[in-house]
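See structure below.
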Amino acid sequence: MSNKVYRASTTAPVNIAVVKYWGKRDAKLNLPTNSSLSVTLSQADLRTLTTASCSASFPASEGDSLLLNGEPSDISGARTQACLRELRSRRAALEAADPSLPKLSTYPLRLVSENNFPTAAGLASSAAGFAALVRAIANLYELPASPSELSLIARQGSGSACRSLFGGYVAWRMGDKADGTDSMADQIAEASHWPDMRALVLVVSAAKKGVSSSSGMQQTVATSGLFRERIATVVPENMAIMEKAIAEKDFEKFAEVTMRDSNSFHATCADTYPPIFYMNDVSRAAIRAVEAINEKAGRTVAAYTFDAGPNAVIYYQEKDTEAVVGTFYHVLQGADIGGWKSADIKGLKPTISLDE
Ligand code: ADP
Ligand code: DP6
Ligand code: CO
């Protein structure tokens, strides 16, 4: 038996949706109730780093494992298993076609992953995490898979992860096939199309959320009437306006839809029974601060959005840095003012550009 250890590492960026995915039509295949659209943030700032290794010398009794941020993490869940199964079967097909290849598909996998930002706190750790996991294993297995194919696999791990395989402005088309083979992401514009776009990440809390995204959205689908309205009319309209706003680099429209869609998503959470609250008083203070910035500027220069957590992401254009960043200056310097704790992300530069 060979002691050789095969290894591959990759990083993947976070993406923050401006038209949110919230709702599954098929929980097993992880198919969404609506299309969504996001902006991929620079991985120089927020990223997952994952190393995948395998070896014939790893004891079979240990099975596959994941060390996440230094702690053993459970990978027995159906969604992680679906990703591993899919990647292994693609490797096995290569090995069957070329018997000279080492049989990596039969070796236990060891995954080691680190997020340089809070995990499960509403900053898209599952997106960067599953994108990195899938790409690291695809690299280890030397699969000739395109970003779209990897997107399709990553979607099965976490929906939002399918969008982190691309940089810039990314749409996840919900698709209509029952087997999900048309539900994946594609890039609608490169970051360089709108090079002025910036994001501010304001960390209110690095704590793990009380209700995971997976469980929260399933409760919403099951109990919210408002949610039905959201997927029937609100999201399709927001998708169309947003795609046009990005194509035309129309920040006013981009900002309005971003804020409206975040509000609509959190309204369906409040309409869930029992209700789910991801935002807190500090989050709401950020909304008011953005409104004040826009009022003072006499035009829309900043747009807030919140994922399933209390932390704010604020989109703005480089030319408006003074108006936007100035307001949050003390918060961004790491001062604990009104509950902001941005300094909790060690070394994070709060002004973030986009990933190519
Ligand atoms: P978030 O808002 O951070 O995306 P979610 O509730 O959607 O929160 O998902 C958090 C879960 O995603 C974690 O509990 C973990 O299971 C998974 N996850 C996060 N980071 C990674 C990673 N680097 N590798 C693998 N899985 C990860
Ligand atoms: C609010 O992709 O984390 O961030 O597919 O169950 O893993 P699972 O959910 P996840 O949900 C993300 C929800 C959101 C909106 C978005 O990213 O589009
Ligand atoms: Co998530």
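By convention in this document, the chains of the structure tokens carry letters A, B, ... by their order, each chain's residues are numbered from 1, and ligands are numbered from 1 in the order they are shown.
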Counting only C-alpha atoms and all ligand atoms, what are the residues, protein, DNA or RNA alike, that approach ligand 1 to within 7 Å? I want them as a PyMOL selection string. chain A and resi 48+50+68+113-115+119-130+133+212-214+307-309
With N, CA, C and O atoms kept, could you save the residues just selected as an mmCIF file, in the first residue's frame?
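The resulting file, part20.cif, is shown below:
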data_model
loop_
_atom_site.group_PDB
_atom_site.id
_atom_site.type_symbol
_atom_site.label_atom_id
_atom_site.label_comp_id
_atom_site.auth_asym_id
_atom_site.auth_seq_id
_atom_site.Cartn_x
_atom_site.Cartn_y
_atom_site.Cartn_z
ATOM 1 N N THR A 48 -13.100 31.451 2.356
ATOM 2 C CA THR A 48 -12.877 30.135 2.948
ATOM 3 C C THR A 48 -11.636 29.552 2.284
ATOM 4 O O THR A 48 -11.465 29.692 1.064
ATOM 5 N N THR A 50 -9.882 25.887 1.887
ATOM 6 C CA THR A 50 -10.117 24.458 2.140
ATOM 7 C C THR A 50 -9.040 23.604 1.484
ATOM 8 O O THR A 50 -8.682 23.833 0.329
ATOM 9 N N LEU A 68 -13.430 21.910 10.643
ATOM 10 C CA LEU A 68 -13.867 23.264 10.281
ATOM 11 C C LEU A 68 -13.449 24.242 11.371
ATOM 12 O O LEU A 68 -13.864 24.099 12.522
ATOM 13 N N SER A 113 -10.819 23.024 6.698
ATOM 14 C CA SER A 113 -11.338 24.279 6.167
ATOM 15 C C SER A 113 -11.318 25.378 7.211
ATOM 16 O O SER A 113 -11.496 25.122 8.404
ATOM 17 N N GLU A 114 -11.076 26.596 6.729
ATOM 18 C CA GLU A 114 -11.069 27.734 7.637
ATOM 19 C C GLU A 114 -11.753 28.921 6.995
ATOM 20 O O GLU A 114 -11.456 29.266 5.851
ATOM 21 N N ASN A 115 -12.674 29.534 7.734
ATOM 22 C CA ASN A 115 -13.284 30.781 7.286
ATOM 23 C C ASN A 115 -12.573 31.910 8.016
ATOM 24 O O ASN A 115 -12.344 31.806 9.218
ATOM 25 N N THR A 119 -18.597 32.263 11.223
ATOM 26 C CA THR A 119 -19.303 31.126 10.623
ATOM 27 C C THR A 119 -20.744 31.078 11.136
ATOM 28 O O THR A 119 -20.977 31.254 12.333
ATOM 29 N N ALA A 120 -21.685 30.856 10.209
ATOM 30 C CA ALA A 120 -23.112 30.727 10.556
ATOM 31 C C ALA A 120 -23.665 31.970 11.235
ATOM 32 O O ALA A 120 -24.504 31.887 12.126
ATOM 33 N N ALA A 121 -23.179 33.150 10.821
ATOM 34 C CA ALA A 121 -23.625 34.404 11.425
ATOM 35 C C ALA A 121 -24.322 35.308 10.408
ATOM 36 O O ALA A 121 -24.486 36.502 10.643
ATOM 37 N N GLY A 122 -24.708 34.745 9.264
ATOM 38 C CA GLY A 122 -25.382 35.570 8.258
ATOM 39 C C GLY A 122 -24.408 36.311 7.362
ATOM 40 O O GLY A 122 -24.747 37.337 6.789
ATOM 41 N N LEU A 123 -23.205 35.786 7.228
ATOM 42 C CA LEU A 123 -22.254 36.383 6.280
ATOM 43 C C LEU A 123 -21.864 35.362 5.204
ATOM 44 O O LEU A 123 -20.762 35.388 4.670
ATOM 45 N N ALA A 124 -22.787 34.454 4.910
ATOM 46 C CA ALA A 124 -22.635 33.529 3.786
ATOM 47 C C ALA A 124 -21.477 32.540 3.932
ATOM 48 O O ALA A 124 -20.790 32.237 2.959
ATOM 49 N N SER A 125 -21.277 32.027 5.145
ATOM 50 C CA SER A 125 -20.212 31.029 5.315
ATOM 51 C C SER A 125 -20.543 29.739 4.574
ATOM 52 O O SER A 125 -19.649 29.063 4.069
ATOM 53 N N SER A 126 -21.826 29.393 4.490
ATOM 54 C CA SER A 126 -22.169 28.150 3.787
ATOM 55 C C SER A 126 -21.901 28.300 2.285
ATOM 56 O O SER A 126 -21.586 27.325 1.605
ATOM 57 N N ALA A 127 -21.992 29.540 1.781
ATOM 58 C CA ALA A 127 -21.739 29.789 0.355
ATOM 59 C C ALA A 127 -20.255 29.606 0.043
ATOM 60 O O ALA A 127 -19.871 28.791 -0.813
ATOM 61 N N ALA A 128 -19.409 30.351 0.755
ATOM 62 C CA ALA A 128 -17.965 30.216 0.525
ATOM 63 C C ALA A 128 -17.512 28.811 0.906
ATOM 64 O O ALA A 128 -16.671 28.206 0.222
ATOM 65 N N GLY A 129 -18.084 28.277 1.988
ATOM 66 C CA GLY A 129 -17.665 26.970 2.510
ATOM 67 C C GLY A 129 -17.911 25.839 1.526
ATOM 68 O O GLY A 129 -17.003 25.038 1.247
ATOM 69 N N PHE A 130 -19.122 25.731 0.984
ATOM 70 C CA PHE A 130 -19.398 24.632 0.051
ATOM 71 C C PHE A 130 -18.767 24.849 -1.324
ATOM 72 O O PHE A 130 -18.391 23.888 -1.996
ATOM 73 N N LEU A 133 -15.271 23.675 -0.689
ATOM 74 C CA LEU A 133 -15.231 22.218 -0.490
ATOM 75 C C LEU A 133 -15.322 21.479 -1.838
ATOM 76 O O LEU A 133 -14.520 20.579 -2.128
ATOM 77 N N SER A 212 -30.880 28.196 11.596
ATOM 78 C CA SER A 212 -30.056 28.112 10.383
ATOM 79 C C SER A 212 -30.881 28.539 9.172
ATOM 80 O O SER A 212 -32.113 28.509 9.207
ATOM 81 N N SER A 213 -30.201 28.913 8.098
ATOM 82 C CA SER A 213 -30.919 29.319 6.883
ATOM 83 C C SER A 213 -31.804 28.184 6.376
ATOM 84 O O SER A 213 -32.966 28.396 6.027
ATOM 85 N N SER A 214 -31.246 26.967 6.367
ATOM 86 C CA SER A 214 -31.996 25.814 5.842
ATOM 87 C C SER A 214 -33.308 25.633 6.572
ATOM 88 O O SER A 214 -34.368 25.478 5.952
ATOM 89 N N ASP A 307 -28.555 39.336 5.262
ATOM 90 C CA ASP A 307 -28.866 37.921 5.050
ATOM 91 C C ASP A 307 -29.569 37.396 6.307
ATOM 92 O O ASP A 307 -30.087 38.173 7.093
ATOM 93 N N ALA A 308 -29.532 36.095 6.497
ATOM 94 C CA ALA A 308 -30.182 35.513 7.667
ATOM 95 C C ALA A 308 -29.296 35.681 8.894
ATOM 96 O O ALA A 308 -28.692 34.732 9.391
ATOM 97 N N GLY A 309 -29.206 36.919 9.368
ATOM 98 C CA GLY A 309 -28.383 37.264 10.519
ATOM 99 C C GLY A 309 -28.465 38.766 10.719
ATOM 100 O O GLY A 309 -29.024 39.466 9.873
#
Mind checking DSSP for stretch 73-258 of chain A and telling me the strand (DSSP E) residues as a VMD selection string? chain A and resid 73 109 to 115 169 to 173 184 to 189 197 to 202
Please, which residues in stretch 197-289 of chain A fall within 8 Å of stretch 34-43 of chain A when counting only C-alpha atoms, and what is the closest atom pair and distance in Å to one decimal for each, ordered by chain then residue number, as a Markdown table?
| residue | atom | partner | partner_atom | distance |
| --- | --- | --- | --- | --- |
| A:Ala199 | CA | A:Leu41 | CA | 7.6 |
| A:Ile231 | CA | A:Asn34 | CA | 6.1 |
| A:Val235 | CA | A:Asn34 | CA | 7.1 |
| A:Pro236 | CA | A:Ser35 | CA | 7.8 |
| A:Met239 | CA | A:Ser36 | CA | 7.1 |
Would you write out, as CSV, a table of all residues in stretch 207-288 of chain A that have an atom no more than 8 Å from an atom of stretch 10-18 of chain A, listing for each the closest atom pair and the distance in Å to one decimal, considering only C-alpha atoms and ordering rows by chain and rising residue number?
residue,atom,partner,partner_atom,distance
A:Val257,CA,A:Val18,CA,7.5
A:Thr258,CA,A:Val18,CA,4.7
A:Met259,CA,A:Val18,CA,7.9
A:Asp261,CA,A:Val18,CA,6.9
A:Ser262,CA,A:Val18,CA,7.3
May I have the residues within 9 Å of A:Thr80 as an MDAnalysis selection string, using only C-alpha atoms and disregarding those fewer than 4 positions away in the same chain? chainID A and resid 75:76 84:85 130 156:158
Can you write just those residues out, C-alpha atoms, as a PDB file, in the first residue's frame?
ATOM      1  CA  ILE A  75     -20.431  15.691   7.435  1.00  0.00           C
ATOM      2  CA  SER A  76     -22.983  12.892   7.659  1.00  0.00           C
ATOM      3  CA  LEU A  84     -19.074  13.916  -1.924  1.00  0.00           C
ATOM      4  CA  ARG A  85     -20.996  11.186  -3.773  1.00  0.00           C
ATOM      5  CA  PHE A 130     -19.398  24.632   0.051  1.00  0.00           C
ATOM      6  CA  GLN A 156     -26.647  20.564  -3.405  1.00  0.00           C
ATOM      7  CA  GLY A 157     -24.444  21.407  -0.395  1.00  0.00           C
ATOM      8  CA  SER A 158     -25.843  24.899   0.173  1.00  0.00           C
TER       9      SER A 158
END
